[in-house]
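Enquirer: This is the structure I have questions about; it appears just below.
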Protein chains: 2
Amino acid sequence: MLSVSQRGQLLPPSPYRHLTPYAEAARQRGLTVHPLNIGQPDIETPPLMRAAVQQADIRVLEYGPSAGFDSYRQTLAAYYQRQRLNVTADDIIVTTGGSEAISFALLACLNPGDEFIVPEPFYGPYQGFAVATDTRLVAVSSYLEDDFALPPVAAFEALITPRTRAILLCNPNNPTGYVYGRAELEQLAGLCLRHNLYLLADEAYREFCYDGAFTSALELPGAEQHVVLIDTISKRYSACGARIGALVTKNKALRDVVFKLAQLRVCPPGLGQLLAQAAADLPADYFDHTKAEYQARRDLMVRRLQAMPGVRCPEPRGAFYVLCHLPVDDAGRFAQWLLEDFDLRGETIMVSPAAGFYATPGLGRQQMRLAYVVSHDIIERAMNCLEAALQQYPGRQE
Amino acid sequence: MLSVSQRGQLLPPSPYRHLTPYAEAARQRGLTVHPLNIGQPDIETPPLMRAAVQQADIRVLEYGPSAGFDSYRQTLAAYYQRQRLNVTADDIIVTTGGSEAISFALLACLNPGDEFIVPEPFYGPYQGFAVATDTRLVAVSSYLEDDFALPPVAAFEALITPRTRAILLCNPNNPTGYVYGRAELEQLAGLCLRHNLYLLADEAYREFCYDGAFTSALELPGAEQHVVLIDTISKRYSACGARIGALVTKNKALRDVVFKLAQLRVCPPGLGQLLAQAAADLPADYFDHTKAEYQARRDLMVRRLQAMPGVRCPEPRGAFYVLCHLPVDDAGRFAQWLLEDFDLRGETIMVSPAAGFYATPGLGRQQMRLAYVVSHDIIERAMNCLEAALQQYPGRQE
């Protein structure tokens, strides 16, 4: 019998999408299903970025350079430099979304069988990228009771083996919304230096910090050769479909390997790069507006959640997610029940049960992630649904 | 010491680009360097495809479905159906270029350490994809003396081990221009059925056959569950920079795995898909024009090459490459000499030495690949250069 690869079988299905058939069925029954389950921003992609593609004069849509258009790398370097980061165009390899940067980083830093440590809960696909690159994701638990702060360095240290090659940190964090501060990052950098590990920093949400400044892994003194920044324009400019990301590192030997990986797939998308490059022309206060909008939504959602009996919700300080504890037997069952057996005047919500963000079985069973990528009005309606649902749900459990 | 991964070190550099610094230096000395080294078509990307992107009304450039836009998969299925291929939208997963389809196919069909057999010379990056997916490329030699026809099935059979999982065939072939006929494909399909192997068919150049009909691997009777089609719009519509390809298979179990890989990177590029979808509106005779143009260029280039003493050049029947034997000691040295020490009235050429297309050391040393993706006038000038260069080259060897 012709069989698929074992690694193919081991690939986990997306934790975001298994509820989709239930949501479709609910919509077919006439319900309005508010989508709080995925991080698809509703904020408009800046018109001047879209215009850059529409007005481009392209006779032949040619292959571009494997590392990305020089012009785009220059403007991206300037973006980092405005944040006082020591980045030049040479340090940047443009990737097909942040996803490709994650793949490239794992392939370039780790051999088959090598391990990387990630605080859980984590962005679900990390587990799949580990399978696809034949590496092993080792989770160190962070806890809702601690606001999902960085686990103690000793907890990382206890997991280090001769096969450990890297620590992967998403900051600001998806799914928790936690923003790791300078002191935490410096502890982690110290650990990487002592144990000779790469620090893979996924900063997809770097522009979305609501309470104080953001510290990039690129700022950490002495860690320059260890840090690999994984970045993307997806969330920053509401341009998820462009599939433009970047891998940034001052480590020349590593960059040379990443460049060979980039050559294999010839080049990142050309049209998306045109769009991304136009971000350089946005007004200086562009992020002030988008941040203020997300912050107001966060405040509203957190206030509503914290007012619901039995719900425990640390205040997220970044990204656009809330990870909260629910008084239910099982958040996966509850999420399905919301779509199959519940509505409030014809409305219900779709949420992400948190179990898919954990590697340790059993953790996150009573947690769910909500994305505040919808309007204030929808947040109010969604919270009304949730409040009513928690009162009616037969599996309620304090 | 922090080191890069061993697989990273093993990745071969691009065989196409190592002459680039010499070409740049030649241009800086004022020479005109005609680029025959890479398969970047000069034919215009169809204006109506570009217009589809320019006129798109997009408020938020959102994530799309992981398998590609439904609407695009429908039009792509219709394209295959017009060629009487049994393909529905469900069989298609849209990829980020043909490159991603190659990666997905290897990851889904092969485990780490598994082997796939490829006729050499082959598209250079296959070797790198093997390294990146931790699989092993096993080459079966084809020969210029046979016009690079399919090696005897017995030669494939001799290389099959318990780790062999697939045969990868590029048809029409890059770099040889050979078009495998129905009888050859049926032999290969029989082999795959007998030994339980996947047949990975890279048909990037499927529209470019100049002497008779093209047979797709999807037409092979009885092989439906074994065939994985790797496709791309890059060459077909001169849209290399769009990065839109596809993986097509009737094998549901395999497609489920590929879909999980597709979910990991969320979705293929949105703008590129808009462009690709508009290909459905091209006139029915679109390929007649582009094929006629490439065919005329091929005829010109082959006629000129065959008239040069000591050059042996089988007539390629597809794609847009010529792989020929040169009366030189070493085609790599000759290619460099062309850029460093030669010019004909201020002009010279950049070519691809063929050694990078072979896995077996020593093979292809006296061969080079030329791409006829330039105008008739440039082909004439380039052939004038080559003719003069072969007379002057100090390493000439019959």
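Ordering of the structure tokens sets the chain letters (A, B, ...); residue numbers start at 1 within each chain; ligands are numbered from 1 in the order shown.
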How would chain A read as a short mmCIF file (atom, residue, chain, number, x, y, z; two decimals) with C-alpha atoms, in the first residue's frame once least-squares superposed on chain B using all paired C-alpha atoms?

Expert:
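Saved result, out39.cif, follows:
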data_model
loop_
_atom_site.label_atom_id
_atom_site.label_comp_id
_atom_site.auth_asym_id
_atom_site.auth_seq_id
_atom_site.Cartn_x
_atom_site.Cartn_y
_atom_site.Cartn_z
CA MET A 1 30.64 28.15 19.56
CA LEU A 2 27.22 28.81 18.11
CA SER A 3 27.09 26.87 14.85
CA VAL A 4 24.66 26.59 11.99
CA SER A 5 22.92 23.29 11.34
CA GLN A 6 24.76 20.59 9.39
CA ARG A 7 21.88 20.46 6.94
CA GLY A 8 22.32 24.19 6.49
CA GLN A 9 25.98 23.66 5.65
CA LEU A 10 25.10 20.85 3.24
CA LEU A 11 22.68 23.03 1.26
CA PRO A 12 24.22 23.61 -2.15
CA PRO A 13 24.43 27.22 -3.32
CA SER A 14 22.34 28.04 -6.37
CA PRO A 15 24.01 26.70 -9.53
CA TYR A 16 22.58 29.65 -11.44
CA ARG A 17 24.00 32.52 -9.53
CA HIS A 18 27.67 31.97 -8.69
CA LEU A 19 28.73 33.71 -11.88
CA THR A 20 26.79 36.84 -10.93
CA PRO A 21 29.74 38.79 -9.47
CA TYR A 22 31.71 38.22 -12.69
CA ALA A 23 28.75 39.42 -14.75
CA GLU A 24 28.43 42.51 -12.59
CA ALA A 25 32.13 43.26 -12.97
CA ALA A 26 31.84 42.85 -16.74
CA ARG A 27 28.91 45.27 -16.84
CA GLN A 28 30.90 47.72 -14.78
CA ARG A 29 33.67 47.53 -17.37
CA GLY A 30 31.06 48.66 -19.88
CA LEU A 31 30.26 45.32 -21.53
CA THR A 32 26.78 44.23 -22.54
CA VAL A 33 26.19 40.83 -20.95
CA HIS A 34 23.37 38.84 -22.57
CA PRO A 35 21.71 36.73 -19.87
CA LEU A 36 21.08 33.24 -21.21
CA ASN A 37 21.67 31.67 -17.83
CA ILE A 38 18.26 31.80 -16.13
CA GLY A 39 14.74 30.90 -17.14
CA GLN A 40 13.22 34.32 -16.60
CA PRO A 41 10.82 34.78 -19.54
CA ASP A 42 10.91 38.16 -21.28
CA ILE A 43 7.39 37.67 -22.71
CA GLU A 44 4.97 40.22 -21.27
CA THR A 45 2.77 39.11 -18.36
CA PRO A 46 -0.71 39.27 -19.96
CA PRO A 47 -2.11 42.79 -19.40
CA LEU A 48 -5.52 41.48 -18.35
CA MET A 49 -3.87 39.46 -15.56
CA ARG A 50 -2.02 42.54 -14.29
CA ALA A 51 -5.21 44.56 -14.59
CA ALA A 52 -7.04 42.06 -12.36
CA VAL A 53 -4.72 43.02 -9.52
CA GLN A 54 -4.76 46.72 -10.32
CA GLN A 55 -8.52 46.87 -10.40
CA ALA A 56 -9.21 44.68 -7.39
CA ASP A 57 -11.29 46.37 -4.73
CA ILE A 58 -9.67 45.21 -1.49
CA ARG A 59 -10.36 46.94 1.81
CA VAL A 60 -8.51 44.46 4.01
CA LEU A 61 -5.95 42.15 2.41
CA GLU A 62 -7.02 39.20 4.55
CA TYR A 63 -5.73 35.69 5.02
CA GLY A 64 -7.27 33.46 2.40
CA PRO A 65 -8.14 29.76 2.63
CA SER A 66 -5.11 27.51 3.17
CA ALA A 67 -5.82 25.55 -0.02
CA GLY A 68 -6.19 28.76 -2.05
CA PHE A 69 -9.19 30.83 -3.05
CA ASP A 70 -12.10 28.56 -4.03
CA SER A 71 -12.70 30.73 -7.07
CA TYR A 72 -9.11 30.28 -8.24
CA ARG A 73 -9.15 26.54 -7.65
CA GLN A 74 -12.30 26.36 -9.78
CA THR A 75 -10.69 28.19 -12.70
CA LEU A 76 -7.52 26.14 -12.39
CA ALA A 77 -9.56 22.92 -12.43
CA ALA A 78 -11.31 24.20 -15.56
CA TYR A 79 -7.89 24.80 -17.18
CA TYR A 80 -6.95 21.15 -16.59
CA GLN A 81 -10.40 19.96 -17.69
CA ARG A 82 -9.97 21.77 -21.03
CA GLN A 83 -7.01 19.42 -21.52
CA ARG A 84 -9.31 16.49 -20.70
CA LEU A 85 -7.61 15.87 -17.36
CA ASN A 86 -9.75 14.46 -14.59
CA VAL A 87 -9.18 17.25 -12.03
CA THR A 88 -11.67 19.00 -9.77
CA ALA A 89 -11.10 21.95 -7.45
CA ASP A 90 -10.98 19.50 -4.54
CA ASP A 91 -7.86 17.89 -6.00
CA ILE A 92 -5.94 21.18 -5.96
CA ILE A 93 -3.93 22.86 -3.24
CA VAL A 94 -2.62 26.25 -4.33
CA THR A 95 1.00 26.74 -3.32
CA THR A 96 3.50 29.58 -3.08
CA GLY A 97 5.16 28.86 -6.39
CA GLY A 98 6.05 25.45 -7.73
CA SER A 99 8.86 25.45 -5.14
CA GLU A 100 6.47 25.07 -2.24
CA ALA A 101 4.68 22.26 -4.09
CA ILE A 102 8.02 20.42 -4.34
CA SER A 103 8.64 20.86 -0.59
CA PHE A 104 5.12 19.77 0.29
CA ALA A 105 5.34 16.70 -1.95
CA LEU A 106 8.64 15.57 -0.43
CA LEU A 107 7.46 16.18 3.15
CA ALA A 108 4.16 14.41 2.60
CA CYS A 109 5.49 11.39 0.69
CA LEU A 110 8.89 10.79 2.28
CA ASN A 111 10.18 10.34 5.79
CA PRO A 112 13.60 11.59 6.86
CA GLY A 113 16.20 9.37 5.22
CA ASP A 114 13.87 8.18 2.46
CA GLU A 115 14.99 8.38 -1.16
CA PHE A 116 13.59 9.64 -4.44
CA ILE A 117 15.01 8.95 -7.88
CA VAL A 118 15.48 11.73 -10.44
CA PRO A 119 16.93 11.56 -13.94
CA GLU A 120 20.04 13.72 -14.15
CA PRO A 121 20.69 16.37 -15.36
CA PHE A 122 17.88 17.90 -13.22
CA TYR A 123 16.61 21.26 -12.02
CA GLY A 124 19.41 22.21 -9.61
CA PRO A 125 17.31 23.15 -6.54
CA TYR A 126 15.93 19.59 -6.27
CA GLN A 127 19.18 18.75 -4.50
CA GLY A 128 18.61 21.55 -1.98
CA PHE A 129 14.99 20.54 -1.42
CA ALA A 130 16.26 17.06 -0.59
CA VAL A 131 18.63 18.51 2.03
CA ALA A 132 15.94 20.80 3.46
CA THR A 133 13.45 17.93 3.79
CA ASP A 134 16.10 15.51 5.04
CA THR A 135 15.57 13.15 2.12
CA ARG A 136 18.03 11.72 -0.37
CA LEU A 137 18.09 12.51 -4.08
CA VAL A 138 19.29 9.49 -6.07
CA ALA A 139 20.22 10.32 -9.65
CA VAL A 140 19.79 8.05 -12.66
CA SER A 141 21.84 9.34 -15.58
CA SER A 142 20.40 10.38 -18.91
CA TYR A 143 22.77 11.21 -21.75
CA LEU A 144 23.18 13.87 -24.39
CA GLU A 145 23.99 11.12 -26.88
CA ASP A 146 20.42 9.81 -26.37
CA ASP A 147 18.89 13.31 -26.56
CA PHE A 148 18.42 12.96 -22.77
CA ALA A 149 15.61 10.43 -23.24
CA LEU A 150 14.24 8.54 -20.25
CA PRO A 151 16.86 6.10 -18.93
CA PRO A 152 15.79 2.46 -19.26
CA VAL A 153 13.36 1.34 -16.57
CA ALA A 154 15.98 -1.22 -15.54
CA ALA A 155 18.33 1.65 -14.64
CA PHE A 156 15.68 3.06 -12.27
CA GLU A 157 14.96 -0.40 -10.91
CA ALA A 158 18.63 -0.97 -10.11
CA LEU A 159 18.54 2.07 -7.81
CA ILE A 160 15.42 1.11 -5.86
CA THR A 161 16.08 0.32 -2.19
CA PRO A 162 13.73 -0.27 0.75
CA ARG A 163 13.95 3.51 1.36
CA THR A 164 12.82 4.55 -2.14
CA ARG A 165 9.45 6.31 -2.01
CA ALA A 166 9.15 8.31 -5.20
CA ILE A 167 10.35 9.15 -8.66
CA LEU A 168 10.56 12.82 -9.56
CA LEU A 169 10.28 13.74 -13.21
CA CYS A 170 10.35 17.21 -14.73
CA ASN A 171 8.39 17.13 -18.01
CA PRO A 172 9.05 18.99 -20.29
CA ASN A 173 12.48 18.87 -18.79
CA ASN A 174 14.51 21.66 -17.32
CA PRO A 175 17.46 21.74 -18.12
CA THR A 176 17.40 19.42 -21.16
CA GLY A 177 14.25 20.50 -23.01
CA TYR A 178 13.42 16.82 -23.52
CA VAL A 179 9.70 15.96 -23.58
CA TYR A 180 8.95 12.52 -22.20
CA GLY A 181 6.37 10.81 -24.39
CA ARG A 182 3.37 8.71 -23.44
CA ALA A 183 5.22 5.40 -23.82
CA GLU A 184 8.03 6.54 -21.54
CA LEU A 185 5.59 7.84 -18.96
CA GLU A 186 3.60 4.63 -19.02
CA GLN A 187 6.76 2.62 -18.40
CA LEU A 188 7.55 4.83 -15.46
CA ALA A 189 4.01 4.61 -14.10
CA GLY A 190 4.21 0.83 -14.35
CA LEU A 191 7.42 0.92 -12.33
CA CYS A 192 5.76 3.11 -9.68
CA LEU A 193 2.83 0.73 -9.43
CA ARG A 194 5.02 -2.37 -9.17
CA HIS A 195 7.26 -0.85 -6.50
CA ASN A 196 4.64 1.22 -4.72
CA LEU A 197 6.26 4.57 -5.44
CA TYR A 198 4.84 8.05 -5.86
CA LEU A 199 5.35 9.70 -9.23
CA LEU A 200 6.08 13.37 -8.61
CA ALA A 201 5.54 15.14 -11.92
CA ASP A 202 6.95 18.64 -12.20
CA GLU A 203 5.08 20.08 -15.17
CA ALA A 204 6.17 23.71 -14.83
CA TYR A 205 6.72 23.85 -18.61
CA ARG A 206 3.64 21.83 -19.59
CA GLU A 207 2.44 24.43 -22.12
CA PHE A 208 5.75 24.56 -23.96
CA CYS A 209 5.92 21.54 -26.28
CA TYR A 210 6.86 22.35 -29.85
CA ASP A 211 6.71 19.07 -31.71
CA GLY A 212 3.58 17.15 -30.90
CA ALA A 213 1.23 16.77 -28.00
CA PHE A 214 2.15 16.79 -24.32
CA THR A 215 1.20 13.90 -22.06
CA SER A 216 0.53 14.80 -18.44
CA ALA A 217 1.26 12.35 -15.66
CA LEU A 218 -2.38 12.86 -14.68
CA GLU A 219 -3.45 10.98 -17.82
CA LEU A 220 -1.65 7.75 -17.00
CA PRO A 221 -4.18 4.95 -16.60
CA GLY A 222 -4.12 3.20 -13.24
CA ALA A 223 -1.61 5.63 -11.72
CA GLU A 224 -4.12 8.10 -10.26
CA GLN A 225 -3.28 7.38 -6.63
CA HIS A 226 0.45 7.59 -7.31
CA VAL A 227 0.69 10.83 -9.26
CA VAL A 228 1.43 14.18 -7.62
CA LEU A 229 1.42 17.03 -10.09
CA ILE A 230 3.66 19.99 -9.32
CA ASP A 231 2.60 23.03 -11.28
CA THR A 232 3.18 26.79 -11.43
CA ILE A 233 1.98 29.82 -13.36
CA SER A 234 5.53 31.24 -13.44
CA LYS A 235 6.51 30.20 -16.93
CA ARG A 236 3.03 29.63 -18.36
CA TYR A 237 2.02 33.27 -18.03
CA SER A 238 5.42 34.93 -17.51
CA ALA A 239 4.46 35.57 -13.91
CA CYS A 240 7.42 34.22 -11.95
CA GLY A 241 7.22 36.97 -9.32
CA ALA A 242 3.61 36.17 -8.40
CA ARG A 243 4.75 33.00 -6.62
CA ILE A 244 1.67 30.95 -7.42
CA GLY A 245 1.88 27.23 -7.98
CA ALA A 246 -0.24 24.20 -7.23
CA LEU A 247 -0.03 20.65 -6.01
CA VAL A 248 -2.63 18.42 -7.64
CA THR A 249 -3.38 14.85 -6.67
CA LYS A 250 -6.32 12.47 -6.68
CA ASN A 251 -4.82 10.76 -3.61
CA LYS A 252 -7.06 11.93 -0.79
CA ALA A 253 -4.87 10.72 2.08
CA LEU A 254 -1.89 12.53 0.63
CA ARG A 255 -3.91 15.67 0.00
CA ASP A 256 -5.02 15.69 3.63
CA VAL A 257 -1.38 15.77 4.71
CA VAL A 258 -0.51 18.47 2.18
CA PHE A 259 -3.47 20.47 3.46
CA LYS A 260 -2.05 20.34 7.00
CA LEU A 261 1.27 21.62 5.63
CA ALA A 262 -0.66 24.35 3.83
CA GLN A 263 -2.44 25.31 7.07
CA LEU A 264 0.90 25.81 8.80
CA ARG A 265 1.79 28.72 6.52
CA VAL A 266 -1.86 29.85 6.61
CA CYS A 267 -2.35 30.71 2.91
CA PRO A 268 -0.67 31.36 -0.43
CA PRO A 269 -0.20 34.98 -1.63
CA GLY A 270 -3.52 36.74 -2.17
CA LEU A 271 -2.50 39.28 -4.80
CA GLY A 272 -0.76 36.62 -6.86
CA GLN A 273 -3.90 34.49 -6.79
CA LEU A 274 -5.97 37.37 -8.15
CA LEU A 275 -3.52 37.64 -11.02
CA ALA A 276 -3.51 33.89 -11.61
CA GLN A 277 -7.28 33.64 -11.58
CA ALA A 278 -7.57 36.17 -14.40
CA ALA A 279 -5.77 33.72 -16.69
CA ALA A 280 -9.20 32.17 -17.16
CA ASP A 281 -10.12 35.20 -19.27
CA LEU A 282 -7.23 34.87 -21.72
CA PRO A 283 -8.21 34.14 -25.33
CA ALA A 284 -8.20 30.47 -26.30
CA ASP A 285 -5.23 31.02 -28.64
CA TYR A 286 -3.00 32.66 -26.00
CA PHE A 287 -0.56 29.75 -25.86
CA ASP A 288 -0.41 29.46 -29.64
CA HIS A 289 1.25 32.85 -29.77
CA THR A 290 3.72 32.34 -26.94
CA LYS A 291 4.58 28.85 -28.17
CA ALA A 292 5.18 30.05 -31.70
CA GLU A 293 7.53 32.72 -30.36
CA TYR A 294 9.53 30.28 -28.23
CA GLN A 295 9.62 27.73 -31.01
CA ALA A 296 11.05 30.23 -33.48
CA ARG A 297 13.71 31.17 -30.94
CA ARG A 298 14.55 27.55 -30.35
CA ASP A 299 14.88 26.90 -34.05
CA LEU A 300 17.22 29.86 -34.42
CA MET A 301 19.39 28.99 -31.43
CA VAL A 302 19.65 25.30 -32.29
CA ARG A 303 20.50 26.09 -35.93
CA ARG A 304 23.29 28.42 -34.83
CA LEU A 305 24.64 26.00 -32.23
CA GLN A 306 24.63 23.02 -34.59
CA ALA A 307 26.64 25.05 -37.09
CA MET A 308 29.49 25.59 -34.62
CA PRO A 309 32.34 23.07 -34.98
CA GLY A 310 32.62 20.80 -31.95
CA VAL A 311 29.25 21.78 -30.47
CA ARG A 312 26.77 18.94 -30.09
CA CYS A 313 23.19 19.98 -29.49
CA PRO A 314 20.17 17.67 -29.42
CA GLU A 315 17.03 19.49 -30.49
CA PRO A 316 14.95 20.25 -27.38
CA ARG A 317 11.24 19.63 -27.91
CA GLY A 318 9.92 21.58 -24.94
CA ALA A 319 10.54 24.11 -22.17
CA PHE A 320 12.89 26.94 -23.22
CA TYR A 321 16.34 25.53 -22.67
CA VAL A 322 19.07 24.00 -24.76
CA LEU A 323 21.64 21.75 -23.11
CA CYS A 324 24.62 21.32 -25.38
CA HIS A 325 28.10 19.85 -25.44
CA LEU A 326 30.98 22.31 -25.94
CA PRO A 327 34.52 21.70 -27.19
CA VAL A 328 36.00 23.07 -23.96
CA ASP A 329 37.99 21.70 -21.04
CA ASP A 330 35.44 22.80 -18.47
CA ALA A 331 32.19 24.68 -19.03
CA GLY A 332 32.44 26.38 -15.64
CA ARG A 333 35.86 27.77 -16.49
CA PHE A 334 34.64 28.73 -19.94
CA ALA A 335 31.58 30.53 -18.49
CA GLN A 336 33.82 32.55 -16.20
CA TRP A 337 36.28 33.28 -19.03
CA LEU A 338 33.38 34.59 -21.13
CA LEU A 339 32.71 37.19 -18.44
CA GLU A 340 36.29 37.98 -17.46
CA ASP A 341 38.43 37.72 -20.58
CA PHE A 342 36.23 37.88 -23.65
CA ASP A 343 34.09 40.26 -25.59
CA LEU A 344 32.93 40.65 -29.17
CA ARG A 345 32.59 44.35 -29.94
CA GLY A 346 31.62 45.06 -26.33
CA GLU A 347 29.23 42.13 -25.89
CA THR A 348 29.46 38.80 -24.11
CA ILE A 349 27.11 36.17 -22.66
CA MET A 350 26.28 34.61 -19.34
CA VAL A 351 25.52 30.87 -19.45
CA SER A 352 24.83 28.08 -16.95
CA PRO A 353 27.56 25.44 -16.76
CA ALA A 354 25.76 22.11 -16.55
CA ALA A 355 27.72 20.51 -13.70
CA GLY A 356 25.23 22.02 -11.22
CA PHE A 357 22.46 19.99 -12.83
CA TYR A 358 24.18 16.67 -12.18
CA ALA A 359 24.58 14.77 -8.92
CA THR A 360 27.26 12.44 -10.29
CA PRO A 361 30.66 14.15 -10.02
CA GLY A 362 32.32 14.75 -13.37
CA LEU A 363 29.18 14.52 -15.50
CA GLY A 364 28.22 17.57 -17.53
CA ARG A 365 31.69 19.09 -17.30
CA GLN A 366 31.66 20.00 -21.00
CA GLN A 367 27.99 20.98 -21.15
CA MET A 368 26.13 24.22 -20.65
CA ARG A 369 22.50 25.28 -20.56
CA LEU A 370 21.20 28.24 -22.55
CA ALA A 371 17.74 29.71 -22.01
CA TYR A 372 16.03 31.19 -25.06
CA VAL A 373 14.09 33.80 -23.13
CA VAL A 374 15.48 36.74 -25.10
CA SER A 375 14.59 38.22 -28.48
CA HIS A 376 15.71 36.88 -31.85
CA ASP A 377 18.12 39.77 -32.19
CA ILE A 378 19.76 38.99 -28.85
CA ILE A 379 19.95 35.30 -29.72
CA GLU A 380 21.80 36.17 -32.93
CA ARG A 381 24.21 38.43 -31.04
CA ALA A 382 24.70 35.88 -28.27
CA MET A 383 25.43 33.14 -30.79
CA ASN A 384 27.92 35.41 -32.55
CA CYS A 385 29.65 35.84 -29.18
CA LEU A 386 29.67 32.12 -28.49
CA GLU A 387 30.98 31.25 -31.94
CA ALA A 388 33.86 33.72 -31.62
CA ALA A 389 34.54 32.72 -28.03
CA LEU A 390 34.88 29.04 -28.85
CA GLN A 391 37.50 29.92 -31.43
CA GLN A 392 39.51 32.07 -29.00
CA TYR A 393 39.12 30.14 -25.74
CA PRO A 394 42.54 28.87 -24.64
CA GLY A 395 41.05 25.77 -23.04
CA ARG A 396 39.45 24.52 -26.23
CA GLN A 397 39.31 20.75 -26.33
CA GLU A 398 37.68 18.67 -29.04
#

Enquirer: If you run DSSP over the backbone, which residues in region 163-261 of chain B end up alpha helix (DSSP H)? Put them as a list in words.

Expert: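 Answer for region 163-261 of chain B, restricted to alpha helix (DSSP H): Arg182, Ala183, Glu184, Leu185, Glu186, Gln187, Leu188, Ala189, Gly190, Leu191, Cys192, Leu193, Arg194, His195, Lys252, Ala253, Leu254, Arg255, Asp256, Val257, Val258, Phe259, Lys260 and Leu261 of chain B.
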
Enquirer: Could you pull out all residues of region 29-265 of chain A with a DSSP call of strand (DSSP E or B) and give them as a PyMOL selection string?

Expert: chain A and resi 32-35+92-95+115-120+136-141+164-170+198-202+209+227-232+245-248
